[in-house]
$ cat work_11.cif   # mmCIF, C-alpha atoms and all ligand atoms
data_entry
loop_
_atom_site.group_PDB
_atom_site.id
_atom_site.type_symbol
_atom_site.label_atom_id
_atom_site.label_comp_id
_atom_site.auth_asym_id
_atom_site.auth_seq_id
_atom_site.Cartn_x
_atom_site.Cartn_y
_atom_site.Cartn_z
ATOM 1 C CA MET A 1 4.671 26.151 -48.578
ATOM 2 C CA ASP A 2 7.687 24.199 -47.410
ATOM 3 C CA TYR A 3 10.677 26.459 -46.804
ATOM 4 C CA TYR A 4 13.135 23.632 -46.202
ATOM 5 C CA SER A 5 14.162 20.576 -48.146
ATOM 6 C CA THR A 6 11.934 17.651 -47.250
ATOM 7 C CA LYS A 7 14.965 15.824 -45.799
ATOM 8 C CA ILE A 8 15.604 18.652 -43.355
ATOM 9 C CA THR A 9 11.937 18.760 -42.434
ATOM 10 C CA ALA A 10 12.056 15.025 -41.742
ATOM 11 C CA LEU A 11 15.182 15.446 -39.601
ATOM 12 C CA ILE A 12 13.564 18.257 -37.613
ATOM 13 C CA GLU A 13 10.509 16.073 -37.071
ATOM 14 C CA GLU A 14 12.595 13.141 -35.815
ATOM 15 C CA LEU A 15 14.620 15.330 -33.463
ATOM 16 C CA SER A 16 11.527 17.011 -32.039
ATOM 17 C CA ARG A 17 10.285 13.589 -30.884
ATOM 18 C CA LEU A 18 13.100 13.518 -28.325
ATOM 19 C CA PRO A 19 12.207 14.557 -24.772
ATOM 20 C CA GLY A 20 12.874 18.192 -23.985
ATOM 21 C CA ILE A 21 13.419 19.132 -27.630
ATOM 22 C CA GLY A 22 10.861 21.624 -28.908
ATOM 23 C CA ALA A 23 10.366 22.623 -32.514
ATOM 24 C CA LYS A 24 12.876 25.482 -32.218
ATOM 25 C CA SER A 25 15.667 23.370 -30.689
ATOM 26 C CA ALA A 26 14.984 20.619 -33.216
ATOM 27 C CA GLY A 27 15.472 23.125 -36.020
ATOM 28 C CA ARG A 28 18.696 24.402 -34.492
ATOM 29 C CA LEU A 29 20.038 20.865 -34.026
ATOM 30 C CA ALA A 30 19.058 19.815 -37.547
ATOM 31 C CA PHE A 31 20.939 22.714 -39.146
ATOM 32 C CA HIS A 32 23.894 22.103 -36.850
ATOM 33 C CA LEU A 33 24.010 18.425 -37.891
ATOM 34 C CA ILE A 34 23.837 19.320 -41.572
ATOM 35 C CA GLY A 35 26.747 21.731 -41.069
ATOM 36 C CA MET A 36 28.897 19.130 -39.298
ATOM 37 C CA PRO A 37 31.713 17.250 -41.098
ATOM 38 C CA GLN A 38 30.489 13.917 -42.487
ATOM 39 C CA GLU A 39 32.861 11.916 -40.255
ATOM 40 C CA ASP A 40 31.487 13.538 -37.107
ATOM 41 C CA VAL A 41 27.943 12.711 -38.137
ATOM 42 C CA ASP A 42 29.002 9.124 -38.933
ATOM 43 C CA ARG A 43 30.595 8.779 -35.495
ATOM 44 C CA LEU A 44 27.450 10.104 -33.809
ATOM 45 C CA THR A 45 25.063 7.780 -35.655
ATOM 46 C CA ASP A 46 27.439 4.864 -35.123
ATOM 47 C CA THR A 47 27.586 5.555 -31.376
ATOM 48 C CA ILE A 48 23.799 5.718 -31.160
ATOM 49 C CA GLN A 49 23.400 2.455 -33.085
ATOM 50 C CA LYS A 50 26.034 0.641 -31.020
ATOM 51 C CA ALA A 51 24.536 1.840 -27.733
ATOM 52 C CA LYS A 52 21.057 0.847 -28.824
ATOM 53 C CA ARG A 53 22.204 -2.620 -29.927
ATOM 54 C CA THR A 54 24.449 -3.366 -26.943
ATOM 55 C CA VAL A 55 22.731 -1.856 -23.947
ATOM 56 C CA ARG A 56 20.351 -4.204 -22.192
ATOM 57 C CA TYR A 57 18.751 -4.835 -18.820
ATOM 58 C CA CYS A 58 20.905 -6.420 -16.118
ATOM 59 C CA LYS A 59 19.517 -9.902 -15.422
ATOM 60 C CA GLU A 60 19.549 -9.192 -11.695
ATOM 61 C CA CYS A 61 18.599 -5.562 -11.094
ATOM 62 C CA CYS A 62 17.245 -4.512 -14.520
ATOM 63 C CA THR A 63 19.530 -1.483 -14.769
ATOM 64 C CA LEU A 64 20.894 -0.637 -18.213
ATOM 65 C CA THR A 65 24.246 -2.281 -18.831
ATOM 66 C CA ASP A 66 26.551 -3.625 -21.563
ATOM 67 C CA SER A 67 26.862 -7.092 -20.044
ATOM 68 C CA GLU A 68 24.494 -9.767 -18.784
ATOM 69 C CA ILE A 69 25.085 -8.782 -15.157
ATOM 70 C CA CYS A 70 25.918 -5.173 -14.295
ATOM 71 C CA PRO A 71 29.153 -4.335 -12.394
ATOM 72 C CA ILE A 72 27.235 -3.564 -9.175
ATOM 73 C CA CYS A 73 25.405 -6.899 -9.131
ATOM 74 C CA ALA A 74 28.617 -8.698 -10.082
ATOM 75 C CA SER A 75 30.604 -7.138 -7.220
ATOM 76 C CA PRO A 76 31.263 -9.365 -4.188
ATOM 77 C CA GLN A 77 32.031 -6.172 -2.223
ATOM 78 C CA ARG A 78 28.391 -5.093 -2.308
ATOM 79 C CA ASP A 79 25.810 -6.176 0.248
ATOM 80 C CA HIS A 80 23.414 -8.243 -1.831
ATOM 81 C CA ALA A 81 20.937 -8.586 1.049
ATOM 82 C CA GLN A 82 20.094 -4.875 0.839
ATOM 83 C CA ILE A 83 18.148 -3.795 -2.236
ATOM 84 C CA MET A 84 17.344 -0.184 -3.030
ATOM 85 C CA VAL A 85 14.401 0.192 -5.400
ATOM 86 C CA VAL A 86 14.636 3.171 -7.773
ATOM 87 C CA GLU A 87 12.531 4.320 -10.702
ATOM 88 C CA ASN A 88 15.278 4.529 -13.319
ATOM 89 C CA THR A 89 18.978 4.131 -14.044
ATOM 90 C CA ARG A 90 19.581 7.886 -13.600
ATOM 91 C CA ASP A 91 18.378 7.625 -9.990
ATOM 92 C CA LEU A 92 20.734 4.690 -9.450
ATOM 93 C CA ALA A 93 23.581 6.822 -10.797
ATOM 94 C CA ALA A 94 22.654 9.635 -8.404
ATOM 95 C CA TYR A 95 22.981 7.303 -5.397
ATOM 96 C CA GLU A 96 26.163 5.752 -6.761
ATOM 97 C CA LYS A 97 27.709 9.217 -7.002
ATOM 98 C CA THR A 98 27.365 9.633 -3.241
ATOM 99 C CA GLY A 99 29.700 6.641 -2.866
ATOM 100 C CA LYS A 100 28.102 5.841 0.484
ATOM 101 C CA TYR A 101 25.589 3.162 -0.426
ATOM 102 C CA ASN A 102 26.980 -0.349 -0.412
ATOM 103 C CA GLY A 103 23.889 -2.408 -1.154
ATOM 104 C CA VAL A 104 22.538 -3.329 -4.571
ATOM 105 C CA TYR A 105 19.650 -1.853 -6.560
ATOM 106 C CA HIS A 106 16.508 -2.743 -8.407
ATOM 107 C CA VAL A 107 15.449 -0.493 -11.266
ATOM 108 C CA LEU A 108 11.700 -0.413 -11.948
ATOM 109 C CA HIS A 109 11.878 1.591 -15.190
ATOM 110 C CA GLY A 110 8.884 3.674 -14.285
ATOM 111 C CA ALA A 111 6.311 4.133 -11.564
ATOM 112 C CA ILE A 112 2.705 3.110 -11.166
ATOM 113 C CA SER A 113 0.397 5.801 -12.528
ATOM 114 C CA PRO A 114 -3.315 5.021 -12.831
ATOM 115 C CA ALA A 115 -3.765 8.394 -14.575
ATOM 116 C CA LEU A 116 -1.315 7.432 -17.346
ATOM 117 C CA GLY A 117 -2.539 3.842 -17.450
ATOM 118 C CA ILE A 118 0.756 2.476 -16.081
ATOM 119 C CA GLY A 119 0.038 -0.498 -13.847
ATOM 120 C CA PRO A 120 2.234 -2.846 -11.770
ATOM 121 C CA ALA A 121 2.680 -5.138 -14.778
ATOM 122 C CA ASP A 122 4.229 -2.294 -16.789
ATOM 123 C CA ILE A 123 7.260 -1.849 -14.501
ATOM 124 C CA LYS A 124 9.956 -4.329 -13.416
ATOM 125 C CA LEU A 125 8.057 -5.519 -10.361
ATOM 126 C CA LYS A 126 7.839 -9.229 -11.140
ATOM 127 C CA GLU A 127 11.615 -9.268 -11.421
ATOM 128 C CA LEU A 128 11.938 -7.670 -7.977
ATOM 129 C CA MET A 129 9.571 -10.149 -6.329
ATOM 130 C CA LYS A 130 11.581 -12.997 -7.804
ATOM 131 C CA ARG A 131 14.768 -11.613 -6.268
ATOM 132 C CA LEU A 132 13.101 -11.418 -2.881
ATOM 133 C CA GLN A 133 12.878 -15.201 -2.792
ATOM 134 C CA GLY A 134 16.624 -15.148 -2.241
ATOM 135 C CA ASP A 135 18.572 -13.930 0.776
ATOM 136 C CA VAL A 136 17.307 -10.371 1.312
ATOM 137 C CA ASP A 137 17.242 -8.466 4.627
ATOM 138 C CA GLU A 138 15.958 -5.078 3.569
ATOM 139 C CA VAL A 139 14.223 -3.373 0.670
ATOM 140 C CA ILE A 140 14.762 0.395 0.624
ATOM 141 C CA ILE A 141 12.105 2.112 -1.452
ATOM 142 C CA ALA A 142 13.698 5.151 -3.078
ATOM 143 C CA THR A 143 11.068 6.035 -5.647
ATOM 144 C CA ASN A 144 10.493 9.769 -6.210
ATOM 145 C CA SER A 145 8.186 11.677 -3.887
ATOM 146 C CA SER A 146 5.797 12.430 -6.744
ATOM 147 C CA LEU A 147 2.248 11.037 -6.697
ATOM 148 C CA GLU A 148 3.420 8.140 -8.899
ATOM 149 C CA GLY A 149 6.468 7.492 -6.724
ATOM 150 C CA GLU A 150 4.365 7.423 -3.547
ATOM 151 C CA THR A 151 1.721 5.195 -5.146
ATOM 152 C CA THR A 152 4.469 2.791 -6.175
ATOM 153 C CA ALA A 153 6.042 2.867 -2.691
ATOM 154 C CA MET A 154 2.713 2.041 -1.054
ATOM 155 C CA TYR A 155 2.000 -0.738 -3.504
ATOM 156 C CA LEU A 156 5.473 -2.214 -2.994
ATOM 157 C CA SER A 157 5.335 -2.129 0.778
ATOM 158 C CA LYS A 158 1.956 -3.932 0.786
ATOM 159 C CA LEU A 159 3.371 -6.537 -1.553
ATOM 160 C CA ILE A 160 6.636 -7.112 0.309
ATOM 161 C CA LYS A 161 5.494 -6.931 3.949
ATOM 162 C CA PRO A 162 3.904 -10.413 3.999
ATOM 163 C CA THR A 163 7.295 -11.899 3.059
ATOM 164 C CA GLY A 164 8.702 -10.722 6.408
ATOM 165 C CA ILE A 165 11.482 -8.725 4.707
ATOM 166 C CA LYS A 166 12.107 -5.302 6.268
ATOM 167 C CA VAL A 167 10.719 -2.520 4.057
ATOM 168 C CA THR A 168 11.946 1.054 4.470
ATOM 169 C CA ARG A 169 11.224 4.319 2.667
ATOM 170 C CA ILE A 170 13.805 7.065 2.202
ATOM 171 C CA ALA A 171 13.055 10.188 4.233
ATOM 172 C CA SER A 172 11.134 12.991 2.601
ATOM 173 C CA GLY A 173 14.155 15.293 2.601
ATOM 174 C CA VAL A 174 13.603 14.871 -1.088
ATOM 175 C CA PRO A 175 11.208 17.666 -2.132
ATOM 176 C CA VAL A 176 7.723 16.679 -3.229
ATOM 177 C CA GLY A 177 7.606 16.109 -6.952
ATOM 178 C CA GLY A 178 11.391 16.265 -7.074
ATOM 179 C CA ASP A 179 13.304 13.972 -9.347
ATOM 180 C CA LEU A 180 16.045 12.128 -7.495
ATOM 181 C CA GLU A 181 18.585 12.788 -10.206
ATOM 182 C CA TYR A 182 18.480 16.552 -9.662
ATOM 183 C CA ILE A 183 18.970 16.433 -5.925
ATOM 184 C CA ASP A 184 22.366 17.049 -4.375
ATOM 185 C CA GLU A 185 24.316 14.260 -2.733
ATOM 186 C CA VAL A 186 23.977 15.577 0.822
ATOM 187 C CA THR A 187 20.185 15.566 0.570
ATOM 188 C CA LEU A 188 20.264 12.103 -0.970
ATOM 189 C CA LEU A 189 22.401 10.774 1.881
ATOM 190 C CA ARG A 190 20.226 12.426 4.492
ATOM 191 C CA ALA A 191 17.165 10.854 2.878
ATOM 192 C CA LEU A 192 18.843 7.462 2.929
ATOM 193 C CA GLU A 193 20.069 7.724 6.521
ATOM 194 C CA GLY A 194 16.700 9.007 7.728
ATOM 195 C CA ARG A 195 14.736 6.212 6.103
ATOM 196 C CA THR A 196 11.831 4.841 8.110
ATOM 197 C CA GLN A 197 10.333 1.403 8.325
ATOM 198 C CA LEU A 198 7.010 0.953 6.549
HETATM 199 ZN ZN ZN B 1 22.514 -5.325 -11.884
#
$ encode --input "work_11.cif" --output "structure tokens"
Amino acid sequence: MDYYSTKITALIEELSRLPGIGAKSAGRLAFHLIGMPQEDVDRLTDTIQKAKRTVRYCKECCTLTDSEICPICASPQRDHAQIMVVENTRDLAAYEKTGKYNGVYHVLHGAISPALGIGPADIKLKELMKRLQGDVDEVIIATNSSLEGETTAMYLSKLIKPTGIKVTRIASGVPVGGDLEYIDEVTLLRALEGRTQL
């Protein structure tokens, strides 16, 4: 027997598809949404729709942005010959928060994982290799120190080395399996400063 209206059940189902939202949280959120004033709900759905329609990949670094080229890639103050490769936009944000990195980025949107069937063609690797045809001095690999992150780092270094461009890997001050976005700025900076050549 269905205790709720079918519309609420549908809402709970949709919400529980979101990452980190279990059935219980989805139920709580659904009832909260239903209890909200109509205008607040309209603003929320409108914001989601606008973000989804407007946000796209930067043509240079593939980070998520509102414009064709993101502000970092568009900045003449940044060192465009130094590219830090990260797994996602949240990792980019973590390094930006330190305020100490002056190069540019490349966002892969994932990591190679044979176990999950994610291969090199499934992440933004082609786009990176194309950028390396330009004027690049160093590629800093800042993928996570998870199995997938390490696999990706190894794959990248093998791919880039023949081009003669310096390839470095951030130090393993970052705990194994740790997501970059959860690590404090001091550790991030130490990892960056202690990077080693591959
Ligand atoms: Zn960019």
$ residues_near_ligand --input "work_11.cif" --ligand "ligand ZN 1 (chain B)" --cutoff "10 Å" --atoms "only C-alpha atoms and all ligand atoms" --output "JSON, numbers by chain"
{"A": [57, 58, 59, 60, 61, 62, 63, 64, 65, 67, 68, 69, 70, 71, 72, 73, 74, 75, 104, 105, 106, 107]}
$ closest_residue --input "work_11.cif" --among "A:Val167, A:Leu125, A:Ala51, A:Ile112" --to "Glu150 in chain A" --atoms "all atoms listed in the file"
A:Ile112
$ atom_distance --input "work_11.cif" --atom1 "CA of Arg169 in chain A" --atom2 "CA of Leu108 in chain A"
15.4 Å
$ closest_residue --input "work_11.cif" --among "A:Ala81, A:Ala93, A:Asn102, A:Asp184" --to "Lys166 in chain A" --atoms "all atoms listed in the file"
A:Ala81
$ atom_distance --input "work_11.cif" --atom1 "CA of Asp91 in chain A" --atom2 "CA of Ala142 in chain A"
8.7 Å
$ closest_residue --input "work_11.cif" --among "A:Lys7, A:Arg43, A:Arg17, A:His80" --to "Asp135 in chain A" --atoms "all atoms listed in the file"
A:His80
$ atom_distance --input "work_11.cif" --atom1 "CA of Leu156 in chain A" --atom2 "CA of Gly194 in chain A"
19.2 Å
$ resolve_selection --input "work_11.cif" --expression "the PyMOL selection byres (((chain A and resi 97) around 12) and not hetatm)" --output "list in words"
Arg90, Asp91, Leu92, Ala93, Ala94, Tyr95, Glu96, Thr98, Gly99, Lys100, Tyr101, Asn102, Glu181, Ile183, Asp184, Glu185, Val186, Leu188 and Leu189 of chain A
$ closest_residue --input "work_11.cif" --among "A:His32, A:Lys124, A:Arg78, A:Arg190" --to "Leu11 in chain A" --atoms "all atoms listed in the file"
A:His32
$ decode --input "work_11.cif" --residues "range 111-126 of chain A" --atoms "C-alpha atoms" --output "compact mmCIF listing (two decimals), in the first residue's frame"
# COMPACT_ATOMS: atom_id res chain seq x y z
CA ALA A 111 39.77 9.31 -13.77
CA ILE A 112 40.67 6.13 -15.58
CA SER A 113 39.12 3.13 -13.86
CA PRO A 114 39.30 -0.25 -15.60
CA ALA A 115 37.09 -1.67 -12.82
CA LEU A 116 34.29 0.80 -13.62
CA GLY A 117 34.88 0.58 -17.36
CA ILE A 118 36.13 4.18 -17.57
CA GLY A 119 38.88 4.39 -20.17
CA PRO A 120 41.09 7.24 -21.47
CA ALA A 121 38.46 8.13 -24.08
CA ASP A 122 35.88 8.76 -21.35
CA ILE A 123 37.76 11.67 -19.74
CA LYS A 124 38.97 14.98 -21.22
CA LEU A 125 42.35 13.63 -22.27
CA LYS A 126 42.20 14.37 -26.00
